[in-house]
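Visitor: Please see the structure below; I have some questions.
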Amino acid sequence: MSNQTVPAAEIKDINLKAEGKQRIEWAERDMPVLKQIRERFRKEQPFKGLRVSCCAHITTETANLALALQAGGADTVMIASNPLSTQDDVAAALVGEYGIPTYAIKGEDIPTYNRHIQVALDHKPHLIMDDGSDLVATLIRDRKDQVKEVIGSTEETTTGITRLRAMEKDGQLKFPAISVNDAQTKHMFDNRYGTGQSTLDGIIRATNRLIAGRNVVVLGYGWCGKGCAMRAKGLGANVIVTEIDPIKAIEAVMDGFRVMPIAEAASLGDLFITVTGNRHAIDGPHFENMRDGAIICNSGHFDIELNLVALEKQATSRRPIRGYMDEFVLKNGNHVYVLAEGRLVNLSCAEGHPASVMDMSFANQALAMEYLVKNKGKLEPQIHTLPEAVDQEIATLKLHSLGVKIDKLTPEMTEYMNSWDSGT
Ligand code: NAD
Ligand code: ADE
């Protein structure tokens with residue numbers, strides 16, 4: 001920085017700010033689409049005079065999104081969307097180098113996490129950016145008086161959308177919410193290639209285990225599951241998939257994976273990865289049937305996918321064995337190893353998705369915030385997706401930045417695609 005004043009904050013150590021800034025700049029190099037949006041925001045000032053509360057994983061990529069909002073004139077407060085995902089040097093840089101109030105400490109306890117949510121709401125936001133819907137749910141439950149000030153919110157992840165749908169169904173959603181996750185340039189790339197790479201990265205950093213030749217059980221074959229299964233296979237694993245949706249299960253079969261219920265897979269797996277967005281995908285009896293030495297982790301949004309309360313009850317002992325890895329000894333004498341207390345392994349044990357993929361996710365976030373402002377008062381209080389044209393624009397900019405050219409429809413092709421009378 002910095003001739004700005006250091007804002008109010010709760011971070012681990014302000015002395016980490018220079019390191020954080022360097023890493024934020026490294027991420028920026030692989031976020032060309034967001035960078036273009038940031039420069040346009042700087043000229044057009046779409047958020048001038050608006051307060052923004054942003055609940056996100058505090059990473060180098062998120063910092064670049066915060067800088068885009070700041071360039072656009074937003075008065076932004078950042079808080080963590082998960083107790084274990086904060087990169088402390090990034091939080092320090094946001095505060096000390098860029099003057100953005102940030103409340104996030106890696107390893108913060110749940111009361112601290114909840115207190116930070118209150119700080120974000122005390123900011124009296126006009127716009128909310130959420131990842132998992134903790135901020136919006138708390139506002140709707142506890143701050144009814146503030147709801148009318150909110151222009152709208154954006155939601156990053158599948159689980160957050162599931163919660164927003166429940167709020168909408170209960171008639172509780174009183175402002176428009178943009179489902180960023182539903183953009184094709186988000187879930188097809190972030191959830192699949194981002195989660196695929198960063199989950200395996202987190203597992204390898206935490207365990208230093210060889211993946212080749214191991215039985216890797218992937219629970220859930222949605223966008224994240226497909227990515228994890230694909231990358232585990234690429235590292236030489238024998239991948240087993242579990243599902244509850246018959247269509248996803250056939251897809252996994254035709255992609256070449258063994259599919260079976262978790263009750264069967266439990267005794268076969270060397271490594272388990274949950275990405276279901278659902279509670280207790282791995283439950284008490286499954287732990288009992290696991291092989292000695294099985295490693296278990298979650299890359300879904302919340303830590304509810306593993307029934308760790310049941311595991312705790314079944315265990316005769318528990319001890320930390322490496323960073324972000326706990327060993328449980330079961331009554332049958334077997335050992336099982338849980339990574340990152342069941343919190344998302346890619347952000348707890350590694351750095352989350354690489355910048356190139358977050359470039360598209362966060363381009364969607366930035367444009368969704370602008371869309372809310374431009375359409376203030378015109379959108380129904382329900383879940384919205386961004387117009388298809390925004391997806392196309394982000395994909396076009398990304399291809400351009402990668403130096404990839406594609407074909408254009410000729411007039412003859414367009415005419416054919418719009419006709420019905422030229423068949424056999
Ligand atoms: P999705 O809806 O595409 O896929 C989830 C799949 O899990 C579905 O196919 C569903 O049928 C299946 N499923 C549900 N309950 C199950 C059960 N008990 N056993 C087996 N399968 C079950 O969702 P997604 O986009 O893949 O997201 C999955 C989770 O990952 C969500 O919590 C999402 O918020 C989170 N997510 C995490 C990251 C990350 O960085 N770690 C990134 C994106 C999304
Ligand atoms: N979600 C997954 N990876 C992420 C990242 N690198 N930054 C912010 N949110 C993320």
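Residues in the structure tokens are numbered from 1 in each chain, the chains being A, B, ... in the order shown, and ligands are numbered from 1 in the order shown.
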Can you tell me which residues come within 7 Å of ligand 1 when counting only C-alpha atoms and all ligand atoms, ideally as a short mmCIF file (atom, residue, chain, number, x, y, z; two decimals) with N, CA, C and O atoms, in the first residue's frame?
Guide:
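See part00.cif below for the written result:
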data_model
loop_
_atom_site.label_atom_id
_atom_site.label_comp_id
_atom_site.auth_asym_id
_atom_site.auth_seq_id
_atom_site.Cartn_x
_atom_site.Cartn_y
_atom_site.Cartn_z
N GLY A 132 -22.55 -20.52 -0.01
CA GLY A 132 -23.11 -21.51 0.93
C GLY A 132 -24.35 -21.00 1.62
O GLY A 132 -25.00 -21.73 2.37
N THR A 157 -22.36 -21.41 -4.83
CA THR A 157 -22.22 -22.87 -4.88
C THR A 157 -23.54 -23.64 -4.85
O THR A 157 -24.58 -23.11 -4.44
N THR A 158 -23.46 -24.91 -5.24
CA THR A 158 -24.64 -25.79 -5.35
C THR A 158 -25.40 -25.85 -4.03
O THR A 158 -26.63 -25.73 -4.01
N THR A 159 -24.68 -26.04 -2.93
CA THR A 159 -25.35 -26.15 -1.63
C THR A 159 -26.07 -24.85 -1.26
O THR A 159 -27.17 -24.88 -0.71
N GLY A 160 -25.46 -23.72 -1.59
CA GLY A 160 -26.11 -22.42 -1.32
C GLY A 160 -27.41 -22.30 -2.12
O GLY A 160 -28.40 -21.76 -1.62
N HIS A 187 -20.44 -23.90 -13.29
CA HIS A 187 -20.42 -25.29 -12.78
C HIS A 187 -19.69 -26.28 -13.69
O HIS A 187 -19.07 -27.22 -13.20
N ASP A 190 -15.65 -24.88 -12.92
CA ASP A 190 -15.26 -24.77 -11.51
C ASP A 190 -15.54 -26.10 -10.79
O ASP A 190 -14.64 -26.73 -10.22
N ASN A 191 -16.81 -26.53 -10.85
CA ASN A 191 -17.19 -27.72 -10.08
C ASN A 191 -16.48 -28.97 -10.61
O ASN A 191 -16.10 -29.84 -9.84
N THR A 195 -12.78 -28.56 -8.91
CA THR A 195 -12.86 -29.48 -7.77
C THR A 195 -12.05 -30.75 -8.05
O THR A 195 -11.40 -31.29 -7.16
N THR A 199 -9.17 -31.06 -5.34
CA THR A 199 -9.46 -32.09 -4.32
C THR A 199 -8.31 -33.10 -4.26
O THR A 199 -7.83 -33.45 -3.17
N LEU A 219 -18.20 -40.44 -3.76
CA LEU A 219 -19.64 -40.44 -3.44
C LEU A 219 -20.29 -39.22 -4.08
O LEU A 219 -19.95 -38.08 -3.73
N GLY A 220 -21.20 -39.47 -5.01
CA GLY A 220 -21.86 -38.39 -5.73
C GLY A 220 -21.21 -38.23 -7.09
O GLY A 220 -19.98 -38.04 -7.17
N TYR A 221 -22.01 -38.33 -8.16
CA TYR A 221 -21.46 -38.19 -9.52
C TYR A 221 -22.12 -37.00 -10.21
O TYR A 221 -22.59 -37.07 -11.33
N GLY A 222 -22.19 -35.88 -9.45
CA GLY A 222 -22.61 -34.62 -10.05
C GLY A 222 -21.39 -33.97 -10.67
O GLY A 222 -20.40 -34.63 -11.01
N TRP A 223 -21.41 -32.64 -10.80
CA TRP A 223 -20.31 -31.94 -11.47
C TRP A 223 -19.00 -32.14 -10.74
O TRP A 223 -17.96 -32.40 -11.35
N CYS A 224 -19.03 -32.03 -9.39
CA CYS A 224 -17.78 -32.21 -8.63
C CYS A 224 -17.33 -33.66 -8.66
O CYS A 224 -16.13 -33.95 -8.81
N GLY A 225 -18.29 -34.57 -8.51
CA GLY A 225 -17.96 -36.00 -8.50
C GLY A 225 -17.31 -36.43 -9.81
O GLY A 225 -16.34 -37.20 -9.81
N THR A 242 -20.52 -43.99 -6.03
CA THR A 242 -21.81 -44.28 -5.42
C THR A 242 -22.75 -43.14 -5.78
O THR A 242 -22.32 -42.00 -5.93
N GLU A 243 -24.02 -43.45 -5.95
CA GLU A 243 -25.03 -42.44 -6.34
C GLU A 243 -26.39 -42.82 -5.75
O GLU A 243 -26.60 -43.94 -5.31
N ILE A 244 -27.29 -41.84 -5.75
CA ILE A 244 -28.69 -42.12 -5.41
C ILE A 244 -29.59 -41.79 -6.61
O ILE A 244 -30.76 -42.13 -6.61
N ASP A 245 -29.01 -41.16 -7.64
CA ASP A 245 -29.78 -40.78 -8.83
C ASP A 245 -29.46 -41.77 -9.94
O ASP A 245 -28.30 -41.89 -10.37
N LYS A 248 -27.51 -40.34 -13.07
CA LYS A 248 -26.08 -40.08 -12.80
C LYS A 248 -25.32 -41.41 -12.68
O LYS A 248 -24.17 -41.52 -13.09
N VAL A 275 -18.78 -35.84 -2.29
CA VAL A 275 -19.15 -34.59 -3.00
C VAL A 275 -20.63 -34.67 -3.36
O VAL A 275 -21.02 -34.53 -4.50
N THR A 276 -21.45 -34.92 -2.34
CA THR A 276 -22.89 -35.13 -2.57
C THR A 276 -23.71 -33.89 -2.22
O THR A 276 -24.86 -33.79 -2.64
N GLY A 277 -23.19 -33.00 -1.36
CA GLY A 277 -23.99 -31.91 -0.83
C GLY A 277 -25.06 -32.43 0.12
O GLY A 277 -26.00 -31.71 0.47
N ASN A 278 -24.92 -33.67 0.59
CA ASN A 278 -25.97 -34.29 1.41
C ASN A 278 -25.40 -34.76 2.75
O ASN A 278 -24.21 -35.02 2.89
N ARG A 279 -26.31 -34.91 3.70
CA ARG A 279 -25.90 -35.28 5.06
C ARG A 279 -25.58 -36.78 5.17
O ARG A 279 -26.30 -37.62 4.61
N HIS A 280 -24.52 -37.09 5.87
CA HIS A 280 -24.17 -38.46 6.26
C HIS A 280 -24.12 -39.43 5.08
O HIS A 280 -24.62 -40.55 5.18
N ALA A 281 -23.52 -38.97 3.99
CA ALA A 281 -23.32 -39.88 2.85
C ALA A 281 -22.46 -41.06 3.32
O ALA A 281 -22.65 -42.20 2.88
N SER A 299 -15.26 -33.06 -0.05
CA SER A 299 -15.03 -31.82 -0.80
C SER A 299 -16.35 -31.12 -1.10
O SER A 299 -16.39 -30.17 -1.88
N GLY A 300 -17.43 -31.57 -0.47
CA GLY A 300 -18.72 -30.87 -0.56
C GLY A 300 -18.68 -29.64 0.34
O GLY A 300 -17.77 -29.50 1.17
N HIS A 301 -19.67 -28.77 0.20
CA HIS A 301 -19.56 -27.47 0.87
C HIS A 301 -19.49 -27.55 2.39
O HIS A 301 -18.68 -26.88 3.02
N PHE A 302 -20.39 -28.36 2.99
CA PHE A 302 -20.40 -28.42 4.46
C PHE A 302 -19.79 -29.72 4.97
O PHE A 302 -19.71 -30.71 4.23
N LEU A 344 -14.12 -28.98 3.60
CA LEU A 344 -13.70 -29.20 2.20
C LEU A 344 -12.18 -29.27 2.06
O LEU A 344 -11.46 -28.33 2.36
N VAL A 345 -11.77 -30.46 1.59
CA VAL A 345 -10.35 -30.82 1.61
C VAL A 345 -9.53 -29.97 0.66
O VAL A 345 -8.36 -29.69 0.92
N ASN A 346 -10.15 -29.52 -0.43
CA ASN A 346 -9.38 -28.77 -1.43
C ASN A 346 -8.98 -27.39 -0.93
O ASN A 346 -7.93 -26.87 -1.28
N LEU A 347 -9.84 -26.80 -0.10
CA LEU A 347 -9.53 -25.46 0.41
C LEU A 347 -8.86 -25.51 1.77
O LEU A 347 -8.19 -24.55 2.17
N GLY A 352 -7.55 -24.52 -2.93
CA GLY A 352 -8.78 -24.37 -3.69
C GLY A 352 -8.49 -24.42 -5.18
O GLY A 352 -7.39 -24.76 -5.61
N HIS A 353 -9.50 -24.06 -5.95
CA HIS A 353 -9.35 -24.16 -7.41
C HIS A 353 -8.30 -23.17 -7.91
O HIS A 353 -8.21 -22.04 -7.42
#
Visitor: Can you tell me, as a VMD selection string, what residues are no more than 12 Å from range 322-329 of chain A when counting only C-alpha atoms, ignoring any on the same chain fewer than 5 positions away?
Guide: chain A and resid 84 to 85 106 to 107 202 to 208 287 to 288 290 to 297 308 310 to 317 334 to 350
Visitor: So how far away is CA of Val309 in chain A from CA of Ser267 in chain A, in Å?
Guide: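 The value is 20.2 Å.
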Visitor: Give me the residues within 9 Å of range 60-62 of chain A as a ChimeraX atom specification, counting only C-alpha atoms and dropping any in the same chain fewer than 4 places off.
Guide: /A:20-21,23-28,31,56,66-67,87,90,351,353-355,358-359,362
Visitor: At a cut-off of 10 Å, using only C-alpha atoms, what residues contact range 149-154 of chain A? Leave out same-chain residues fewer than 3 positions from it and give the result as an MDAnalysis selection string.
Guide: chainID A and resid 50:54 124:131 133 135:136 145:146 157 160:161 174:181 364:366 368:369 371:373 375:377 379 381:385
Visitor: Taking the chain letters and numbering used in this document, name the residues of range 99-340 of chain A that DSSP puts in helix (DSSP H, G or I), as JSON, numbers by chain.
Guide: {"A": [110, 111, 112, 113, 114, 115, 116, 117, 118, 119, 120, 121, 122, 134, 135, 136, 137, 138, 139, 140, 141, 142, 144, 145, 146, 147, 148, 149, 158, 159, 160, 161, 162, 163, 164, 165, 166, 167, 168, 169, 180, 181, 182, 184, 185, 186, 187, 188, 189, 190, 191, 192, 193, 194, 195, 196, 197, 198, 199, 200, 201, 202, 203, 204, 205, 206, 207, 223, 224, 225, 226, 227, 228, 229, 230, 231, 232, 233, 234, 246, 247, 248, 249, 250, 251, 252, 253, 254, 262, 263, 264, 265, 284, 285, 286, 287, 288, 308, 309, 310, 311, 312, 313, 314, 340]}
Visitor: So that I have them on file, write out the residues from the current selection with C-alpha atoms, as a JSON list (two decimals), in the first residue's frame.
Guide:
[["chain", "number", "residue", "atom", "x", "y", "z"],
["A", 110, "ILE", "CA", -17.63, -21.49, 15.15],
["A", 111, "PRO", "CA", -18.50, -18.60, 17.55],
["A", 112, "THR", "CA", -15.88, -16.46, 15.75],
["A", 113, "TYR", "CA", -17.21, -17.55, 12.35],
["A", 114, "ASN", "CA", -20.74, -16.55, 13.42],
["A", 115, "ARG", "CA", -19.54, -13.28, 14.88],
["A", 116, "HIS", "CA", -17.95, -12.42, 11.54],
["A", 117, "ILE", "CA", -21.31, -13.01, 9.88],
["A", 118, "GLN", "CA", -22.78, -10.45, 12.26],
["A", 119, "VAL", "CA", -20.00, -7.99, 11.34],
["A", 120, "ALA", "CA", -20.87, -8.43, 7.66],
["A", 121, "LEU", "CA", -24.52, -7.72, 8.43],
["A", 122, "ASP", "CA", -23.62, -4.72, 10.63],
["A", 134, "ASP", "CA", -24.86, -18.63, 5.61],
["A", 135, "LEU", "CA", -24.91, -14.83, 5.24],
["A", 136, "VAL", "CA", -28.29, -14.65, 3.49],
["A", 137, "ALA", "CA", -29.88, -17.23, 5.84],
["A", 138, "THR", "CA", -28.68, -15.30, 8.92],
["A", 139, "LEU", "CA", -29.95, -11.99, 7.50],
["A", 140, "ILE", "CA", -33.37, -13.45, 6.73],
["A", 141, "ARG", "CA", -33.63, -15.13, 10.14],
["A", 142, "ASP", "CA", -32.18, -12.44, 12.43],
["A", 144, "LYS", "CA", -35.64, -8.79, 9.09],
["A", 145, "ASP", "CA", -35.45, -5.00, 9.42],
["A", 146, "GLN", "CA", -32.47, -4.92, 7.02],
["A", 147, "VAL", "CA", -34.05, -7.03, 4.27],
["A", 148, "LYS", "CA", -35.67, -4.07, 2.51],
["A", 149, "GLU", "CA", -32.28, -2.36, 2.05],
["A", 158, "THR", "CA", -24.64, -25.79, -5.35],
["A", 159, "THR", "CA", -25.35, -26.15, -1.63],
["A", 160, "GLY", "CA", -26.11, -22.42, -1.32],
["A", 161, "ILE", "CA", -28.62, -22.74, -4.18],
["A", 162, "THR", "CA", -30.26, -25.72, -2.45],
["A", 163, "ARG", "CA", -30.73, -23.53, 0.65],
["A", 164, "LEU", "CA", -32.00, -20.57, -1.39],
["A", 165, "ARG", "CA", -34.56, -22.84, -3.08],
["A", 166, "ALA", "CA", -35.79, -23.89, 0.37],
["A", 167, "MET", "CA", -36.06, -20.21, 1.41],
["A", 168, "GLU", "CA", -37.94, -19.43, -1.81],
["A", 169, "LYS", "CA", -40.33, -22.37, -1.21],
["A", 180, "VAL", "CA", -24.01, -17.94, -10.20],
["A", 181, "ASN", "CA", -23.56, -21.71, -9.91],
["A", 182, "ASP", "CA", -26.16, -22.27, -12.64],
["A", 184, "GLN", "CA", -22.50, -22.95, -17.60],
["A", 185, "THR", "CA", -19.20, -21.09, -17.38],
["A", 186, "LYS", "CA", -19.34, -21.74, -13.62],
["A", 187, "HIS", "CA", -20.42, -25.29, -12.78],
["A", 188, "MET", "CA", -19.07, -27.03, -15.90],
["A", 189, "PHE", "CA", -15.56, -25.76, -15.20],
["A", 190, "ASP", "CA", -15.26, -24.77, -11.51],
["A", 191, "ASN", "CA", -17.19, -27.72, -10.08],
["A", 192, "ARG", "CA", -15.74, -30.27, -12.50],
["A", 193, "TYR", "CA", -12.16, -29.29, -13.41],
["A", 194, "GLY", "CA", -11.58, -27.05, -10.39],
["A", 195, "THR", "CA", -12.86, -29.48, -7.77],
["A", 196, "GLY", "CA", -11.33, -32.42, -9.66],
["A", 197, "GLN", "CA", -7.81, -30.98, -9.58],
["A", 198, "SER", "CA", -7.88, -29.18, -6.23],
["A", 199, "THR", "CA", -9.46, -32.09, -4.32],
["A", 200, "LEU", "CA", -6.76, -34.50, -5.44],
["A", 201, "ASP", "CA", -4.20, -31.76, -4.74],
["A", 202, "GLY", "CA", -5.53, -31.38, -1.18],
["A", 203, "ILE", "CA", -5.50, -35.14, -0.57],
["A", 204, "ILE", "CA", -1.96, -35.50, -1.87],
["A", 205, "ARG", "CA", -0.64, -32.50, 0.13],
["A", 206, "ALA", "CA", -2.30, -33.83, 3.30],
["A", 207, "THR", "CA", -1.28, -37.48, 2.95],
["A", 223, "TRP", "CA", -20.31, -31.94, -11.47],
["A", 224, "CYS", "CA", -17.78, -32.21, -8.63],
["A", 225, "GLY", "CA", -17.96, -36.00, -8.50],
["A", 226, "LYS", "CA", -17.27, -36.29, -12.23],
["A", 227, "GLY", "CA", -14.19, -34.10, -11.79],
["A", 228, "CYS", "CA", -12.86, -36.06, -8.80],
["A", 229, "ALA", "CA", -13.47, -39.43, -10.48],
["A", 230, "MET", "CA", -11.81, -38.26, -13.72],
["A", 231, "ARG", "CA", -8.71, -36.95, -11.97],
["A", 232, "ALA", "CA", -8.39, -39.94, -9.60],
["A", 233, "LYS", "CA", -8.57, -42.22, -12.66],
["A", 234, "GLY", "CA", -5.95, -40.07, -14.37],
["A", 246, "PRO", "CA", -30.21, -43.55, -11.44],
["A", 247, "ILE", "CA", -29.34, -41.25, -14.36],
["A", 248, "LYS", "CA", -26.08, -40.08, -12.80],
["A", 249, "ALA", "CA", -25.35, -43.72, -11.93],
["A", 250, "ILE", "CA", -25.74, -44.84, -15.57],
["A", 251, "GLU", "CA", -23.53, -41.95, -16.63],
["A", 252, "ALA", "CA", -20.83, -43.16, -14.23],
["A", 253, "VAL", "CA", -21.18, -46.74, -15.54],
["A", 254, "MET", "CA", -20.83, -45.54, -19.15],
["A", 262, "ILE", "CA", -21.76, -47.24, -0.19],
["A", 263, "ALA", "CA", -22.55, -50.21, 2.06],
["A", 264, "GLU", "CA", -20.62, -52.38, -0.44],
["A", 265, "ALA", "CA", -17.99, -49.81, -1.40],
["A", 284, "GLY", "CA", -21.65, -44.95, 11.26],
["A", 285, "PRO", "CA", -21.94, -48.52, 9.92],
["A", 286, "HIS", "CA", -19.83, -47.65, 6.86],
["A", 287, "PHE", "CA", -16.84, -46.64, 9.01],
["A", 288, "GLU", "CA", -17.04, -49.98, 10.84],
["A", 308, "LEU", "CA", -18.13, -37.72, 12.40],
["A", 309, "VAL", "CA", -20.24, -37.79, 15.58],
["A", 310, "ALA", "CA", -20.92, -41.49, 14.94],
["A", 311, "LEU", "CA", -17.24, -42.09, 14.13],
["A", 312, "GLU", "CA", -16.22, -40.38, 17.36],
["A", 313, "LYS", "CA", -18.54, -42.70, 19.33],
["A", 314, "GLN", "CA", -17.21, -45.81, 17.58],
["A", 340, "ALA", "CA", -9.48, -31.56, 7.62]]
Visitor: According to DSSP computed on the backbone, where in range 181-423 of chain A is there strand (DSSP E)? Give the residues as a PyMOL selection string.
Guide: chain A and resi 215-219+238-242+258-259+271-274+294-298+315-322+325-330+335-339+383-384
Visitor: Please, what distance in Å, to one decimal, runs between CA of Ser401 in chain A and CA of Ala63 in chain A?
Guide: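 Answer for the CA of Ser401 in chain A to CA of Ala63 in chain A separation: 20.6 Å.
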Visitor: Take atom 4 (C, counted along the ligand's line) of ligand 2 and CA of Glu156 in chain A and report the distance between them in Å, one decimal.
Guide: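 Result for atom 4 (C, counted along the ligand's line) of ligand 2 versus CA of Glu156 in chain A: 10.1 Å, one decimal.
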Visitor: Which one of A:Leu330, A:Val6, A:Met360, A:Ile14 sits closest to ligand 2 if you count only C-alpha atoms and all ligand atoms?
Guide: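 The shortest atom-to-atom distance to ligand 2 comes from A:Met360.
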Visitor: Which residues, written as an MDAnalysis selection string, have at least one atom at most 9 Å from range 35-43 of chain A, with only C-alpha atoms counted and residues fewer than 2 positions away on the same chain left out?
Guide: chainID A and resid 28:29 31:33 45:47 64:65 67:73 359 363 366:367
Visitor: Taking only C-alpha atoms and all ligand atoms into account, name the residue in A:Lys12, A:Glu305, A:Val239, A:Ser361 that is nearest to ligand 2.
Guide: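 Looking only at the distances to ligand 2, the closest residue turns out to be A:Ser361.
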Visitor: So, with only C-alpha atoms as the atoms that count, which of A:Ala91, A:Leu34, A:Ile304, A:Ala183 lies closest to Val390 in chain A?
Guide: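 Comparing A:Ala91, A:Leu34, A:Ile304, A:Ala183 against Val390 in chain A, the winner is A:Ala183.
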